[in-house]
file input06.csv (CSV, C-alpha atoms)
chain,number,residue,atom,x,y,z
A,1323,MET,CA,-31.5,-30.2,12.2
A,1324,GLU,CA,-27.9,-31.3,12.3
A,1325,SER,CA,-27.5,-30.9,8.5
A,1326,ILE,CA,-28.9,-27.3,8.7
A,1327,LEU,CA,-26.4,-26.5,11.4
A,1328,ARG,CA,-23.6,-28.0,9.3
A,1329,LEU,CA,-24.7,-26.1,6.2
A,1330,GLY,CA,-24.9,-22.8,8.2
A,1331,VAL,CA,-21.3,-23.4,9.5
A,1332,LEU,CA,-20.1,-24.2,6.0
A,1333,ILE,CA,-21.7,-21.0,4.5
A,1334,ILE,CA,-20.3,-18.8,7.3
A,1335,ALA,CA,-16.9,-20.3,7.0
A,1336,CYS,CA,-16.9,-19.9,3.2
A,1337,LEU,CA,-18.0,-16.3,3.4
A,1338,GLY,CA,-15.4,-15.5,6.0
A,1339,GLY,CA,-12.7,-17.3,4.2
A,1340,GLY,CA,-13.7,-15.7,0.9
A,1341,LEU,CA,-13.6,-12.3,2.5
A,1342,LEU,CA,-10.1,-13.0,3.9
A,1343,LEU,CA,-9.0,-14.3,0.5
A,1344,LEU,CA,-10.3,-11.2,-1.3
A,1345,VAL,CA,-8.8,-8.6,1.1
A,1346,GLY,CA,-5.5,-10.4,1.4
A,1347,GLY,CA,-5.3,-10.9,-2.4
A,1348,LEU,CA,-6.0,-7.2,-3.0
A,1349,ILE,CA,-3.3,-6.2,-0.6
A,1350,ILE,CA,-0.8,-8.5,-2.3
A,1351,VAL,CA,-1.8,-7.1,-5.8
A,1352,ALA,CA,-1.4,-3.5,-4.6
A,1353,PHE,CA,2.0,-4.3,-3.1
A,1354,LEU,CA,3.2,-5.9,-6.4
A,1355,LEU,CA,1.9,-2.9,-8.4
A,1356,THR,CA,3.6,-0.5,-6.1
A,1357,VAL,CA,6.9,-2.4,-6.3
A,1358,TRP,CA,6.7,-2.5,-10.1
A,1359,LYS,CA,6.0,1.2,-10.3
A,1360,GLY,CA,8.8,2.0,-7.8
A,1361,LEU,CA,11.4,-0.1,-9.6
A,1362,ARG,CA,10.5,1.7,-12.9
A,1363,THR,CA,11.3,5.1,-11.4
A,1364,ARG,CA,14.9,4.1,-11.0
A,1365,ARG,CA,15.3,4.0,-14.8
A,1366,TRP,CA,13.6,7.4,-15.4
A,1367,PRO,CA,15.6,10.3,-16.8
A,1368,VAL,CA,16.9,12.8,-14.3
A,1369,THR,CA,16.8,16.6,-14.4
A,1370,PHE,CA,17.4,19.4,-12.0
A,1371,GLY,CA,14.6,21.0,-10.1
A,1372,ARG,CA,13.9,23.5,-7.3
A,1373,VAL,CA,11.8,23.0,-4.2
A,1374,ILE,CA,9.0,25.6,-4.1
A,1375,THR,CA,7.4,24.8,-0.7
A,1376,SER,CA,7.7,22.1,1.9
A,1377,GLY,CA,5.6,21.5,5.0
A,1378,VAL,CA,3.3,19.1,6.8
A,1379,THR,CA,-0.2,18.4,5.6
A,1380,THR,CA,-3.1,16.4,7.1
A,1381,GLU,CA,-5.3,14.7,4.6
A,1382,ILE,CA,-9.0,15.1,5.4
A,1383,THR,CA,-11.8,14.3,3.0
A,1384,GLU,CA,-15.3,15.7,3.1
A,1385,ASP,CA,-16.8,12.2,3.4
A,1386,MET,CA,-14.7,11.2,6.4
A,1387,PRO,CA,-14.9,12.3,10.0
A,1388,GLU,CA,-11.9,14.3,11.1
A,1389,GLU,CA,-10.7,11.6,13.5
A,1390,TRP,CA,-10.3,9.3,10.5
A,1391,SER,CA,-7.9,11.6,8.7
A,1392,LEU,CA,-4.5,10.3,7.7
A,1393,PRO,CA,-1.6,11.3,10.0
A,1394,ASP,CA,0.5,14.4,9.1
A,1395,GLN,CA,2.5,13.8,6.0
A,1396,ALA,CA,5.5,15.7,4.6
A,1397,LYS,CA,4.5,17.6,1.4
A,1398,VAL,CA,7.2,19.0,-0.9
A,1399,VAL,CA,6.2,20.9,-4.0
A,1400,TYR,CA,8.9,21.3,-6.6
A,1401,GLU,CA,9.3,22.5,-10.2
A,1402,TYR,CA,11.5,21.1,-13.0
A,1403,GLU,CA,11.9,21.3,-16.7
A,1404,ALA,CA,11.6,18.2,-18.9
A,1405,GLU,CA,11.6,18.1,-22.7
A,1406,GLY,CA,11.5,21.9,-23.0
A,1407,LYS,CA,8.4,22.4,-20.7
A,1408,ARG,CA,8.2,23.5,-17.1
A,1409,TYR,CA,6.3,21.2,-14.6
A,1410,THR,CA,5.3,21.3,-11.0
A,1411,ALA,CA,4.9,18.1,-8.9
A,1412,ASP,CA,4.6,17.0,-5.2
A,1413,THR,CA,5.3,13.3,-5.3
A,1414,LEU,CA,8.2,12.3,-3.1
A,1415,GLN,CA,8.1,8.6,-3.9
A,1416,ILE,CA,5.8,6.2,-5.7
A,1417,ARG,CA,3.3,4.8,-3.2
A,1418,GLY,CA,0.6,3.5,-5.5
A,1419,ASN,CA,-2.5,2.6,-3.4
A,1420,MET,CA,-0.5,1.5,-0.4
A,1421,GLN,CA,-0.4,4.2,2.2
A,1422,THR,CA,2.5,3.7,4.7
A,1423,THR,CA,2.6,5.8,7.8
A,1424,ARG,CA,5.9,7.3,8.7
A,1425,SER,CA,7.0,8.5,12.1
A,1426,VAL,CA,7.1,12.2,13.0
A,1427,ARG,CA,10.9,11.9,13.1
A,1428,ARG,CA,11.0,10.6,9.5
A,1429,GLU,CA,8.6,13.4,8.4
A,1430,ARG,CA,10.9,16.0,10.0
A,1431,GLU,CA,13.9,14.4,8.3
A,1432,LEU,CA,12.2,14.6,4.9
A,1433,LEU,CA,11.3,18.2,5.4
A,1434,SER,CA,14.9,19.1,6.5
A,1435,ARG,CA,16.2,17.5,3.3
A,1436,TYR,CA,13.9,19.6,1.1
A,1437,PRO,CA,13.8,23.2,2.3
A,1438,PRO,CA,12.2,25.8,-0.1
A,1439,GLY,CA,14.7,27.0,-2.7
A,1440,LYS,CA,16.9,23.9,-2.6
A,1441,SER,CA,18.1,22.5,-5.9
A,1442,VAL,CA,17.1,18.8,-6.2
A,1443,LEU,CA,17.4,15.9,-8.6
A,1444,VAL,CA,14.0,15.1,-10.2
A,1445,TYR,CA,13.3,11.7,-11.8
A,1446,TYR,CA,10.5,12.0,-14.4
A,1447,SER,CA,8.6,9.6,-16.5
A,1448,PRO,CA,9.7,9.7,-20.2
A,1449,ALA,CA,6.2,8.7,-21.3
A,1450,LYS,CA,4.5,11.3,-19.1
A,1451,PRO,CA,7.0,14.0,-18.1
A,1452,GLU,CA,4.4,15.5,-15.7
A,1453,GLU,CA,4.9,12.5,-13.4
A,1454,ALA,CA,8.0,12.8,-11.3
A,1455,VAL,CA,9.5,11.8,-8.0
A,1456,LEU,CA,12.4,13.0,-5.8
A,1457,GLN,CA,13.1,9.6,-4.4
A,1458,PRO,CA,13.1,6.8,-7.0
A,1459,GLY,CA,12.6,3.2,-6.0
A,1460,VAL,CA,10.4,1.2,-3.7
A,1461,PRO,CA,9.1,2.8,-0.5
A,1462,ARG,CA,10.1,1.3,2.8
A,1463,GLY,CA,7.4,0.2,5.2
A,1464,LEU,CA,5.3,-1.9,2.7
A,1465,LEU,CA,6.5,-5.3,4.0
A,1466,PRO,CA,4.5,-5.5,7.3
A,1467,LEU,CA,1.3,-4.5,5.5
A,1468,THR,CA,2.0,-7.0,2.7
A,1469,ALA,CA,2.8,-9.8,5.2
A,1470,GLY,CA,-0.5,-9.1,6.9
A,1471,GLY,CA,-2.2,-9.5,3.5
A,1472,ALA,CA,-0.4,-12.7,2.9
A,1473,VAL,CA,-1.5,-14.1,6.3
A,1474,MET,CA,-5.1,-13.1,5.6
A,1475,PHE,CA,-5.0,-14.8,2.2
A,1476,LEU,CA,-3.5,-18.0,3.6
A,1477,VAL,CA,-5.9,-18.1,6.6
A,1478,GLY,CA,-8.9,-17.6,4.2
A,1479,LEU,CA,-7.6,-20.3,1.9
A,1480,GLY,CA,-7.2,-22.6,4.9
A,1481,ILE,CA,-10.7,-21.9,6.3
A,1482,ILE,CA,-12.3,-22.7,2.9
A,1483,SER,CA,-10.1,-25.8,2.4
A,1484,ILE,CA,-11.0,-27.2,5.9
A,1485,PHE,CA,-14.7,-26.5,5.8
A,1486,THR,CA,-15.3,-27.6,2.2
A,1487,GLY,CA,-13.6,-30.9,3.0
A,1488,ALA,CA,-10.6,-30.4,0.7
A,1489,MET,CA,-8.4,-31.0,3.8
A,1490,LYS,CA,-8.8,-34.0,6.1
A,1491,PHE,CA,-7.1,-34.4,9.4
A,1492,PRO,CA,-6.0,-37.5,11.2
A,1493,PRO,CA,-7.7,-38.4,14.5
A,1494,GLY,CA,-6.6,-36.1,17.3
A,1495,PRO,CA,-7.5,-32.9,19.1
A,1496,LEU,CA,-7.8,-30.8,15.9
A,1497,ALA,CA,-10.1,-33.3,14.3
A,1498,THR,CA,-12.2,-33.4,17.5
A,1499,GLY,CA,-12.5,-29.6,17.5
A,1500,LEU,CA,-13.5,-29.6,13.9
A,1501,ALA,CA,-16.0,-32.4,14.5
A,1502,PHE,CA,-17.5,-30.2,17.2
A,1503,LEU,CA,-17.8,-27.2,14.9
A,1504,ALA,CA,-18.9,-29.0,11.8
A,1505,PRO,CA,-19.7,-32.7,12.3
A,1506,GLY,CA,-18.6,-34.9,9.5
A,1507,LEU,CA,-15.6,-32.8,8.4
A,1508,ALA,CA,-13.0,-34.2,10.6

call {"tool": "encode", "arguments": {"input": "input06.csv", "output": "structure tokens"}}
result
Amino acid sequence: MESILRLGVLIIACLGGGLLLLVGGLIIVAFLLTVWKGLRTRRWPVTFGRVITSGVTTEITEDMPEEWSLPDQAKVVYEYEAEGKRYTADTLQIRGNMQTTRSVRRERELLSRYPPGKSVLVYYSPAKPEEAVLQPGVPRGLLPLTAGGAVMFLVGLGIISIFTGAMKFPPGPLATGLAFLAPGLA
């Protein structure tokens, strides 16, 4: 009976730790990709463009209940010419798969910087001129999310290490607690 309990605790710990490892790892990878893409935009060619519209939008998808919608986000649509062709875009800054929420004050500040009709500098991809941004570089606000991902990753790694016996603890309160949860590990 005791060995079945120990096996059950081990399986649950490994599944939980594995889930934390996976989610934390995905957050870290998304962060690294977003930073890489953001840094590349600083080297893109620059051209002049013009803001067509600017306003606030709420993103709601058909599959999601309305209360799960993303908060209001500034949306700026602009046009520009690159390599002899005219393009329209609405990307302010590279965000990749990492959604950061900005305060209402920051959204208003963004909209005040980009009123309709304003002339703007547009940074466009030399490989795909239809990809452009108004603000090159890495977006602010990614660090707390990434720190959370790193903590999840490390906690998951620790859980798996402890419960698979890869880590042993000297006698004391921690070892006593572990012995209570999974006899034989401490």

call {"tool": "atom_distance", "arguments": {"input": "input06.csv", "atom1": "atom CA of Ile1481 of chain A", "atom2": "atom CA of Ala1352 of chain A"}}
result
23.3 Å

call {"tool": "closest_residue", "arguments": {"input": "input06.csv", "among": "A:Ser1441, A:Thr1379, A:Ser1447, A:Gln1457", "to": "Leu1414 of chain A", "atoms": "all atoms listed in the file"}}
result
A:Gln1457

call {"tool": "residues_around", "arguments": {"input": "input06.csv", "residues": "segment 1399-1408 of chain A", "least_positions_apart": "2", "cutoff": "7 Å", "atoms": "only C-alpha atoms", "output": "ChimeraX atom specification"}}
result
/A:1370-1376,1397,1410-1412,1451

call {"tool": "closest_residue", "arguments": {"input": "input06.csv", "among": "A:Pro1458, A:Pro1466, A:Gly1346, A:Gly1478", "to": "Pro1367 of chain A", "atoms": "only C-alpha atoms"}}
result
A:Pro1458

call {"tool": "residues_around", "arguments": {"input": "input06.csv", "residues": "Leu1432 of chain A", "least_positions_apart": "2", "cutoff": "12 Å", "atoms": "only C-alpha atoms", "output": "ChimeraX atom specification"}}
result
/A:1376-1378,1395-1398,1414-1415,1424-1430,1434-1437,1456-1457

call {"tool": "atom_distance", "arguments": {"input": "input06.csv", "atom1": "atom CA of Gly1360 of chain A", "atom2": "atom CA of Arg1462 of chain A"}}
result
10.7 Å

call {"tool": "atom_distance", "arguments": {"input": "input06.csv", "atom1": "atom CA of Trp1366 of chain A", "atom2": "atom CA of Leu1443 of chain A"}}
result
11.5 Å

call {"tool": "closest_residue", "arguments": {"input": "input06.csv", "among": "A:Ala1449, A:Gly1339, A:Thr1363, A:Gly1459", "to": "Gly1480 of chain A", "atoms": "all atoms listed in the file"}}
result
A:Gly1339
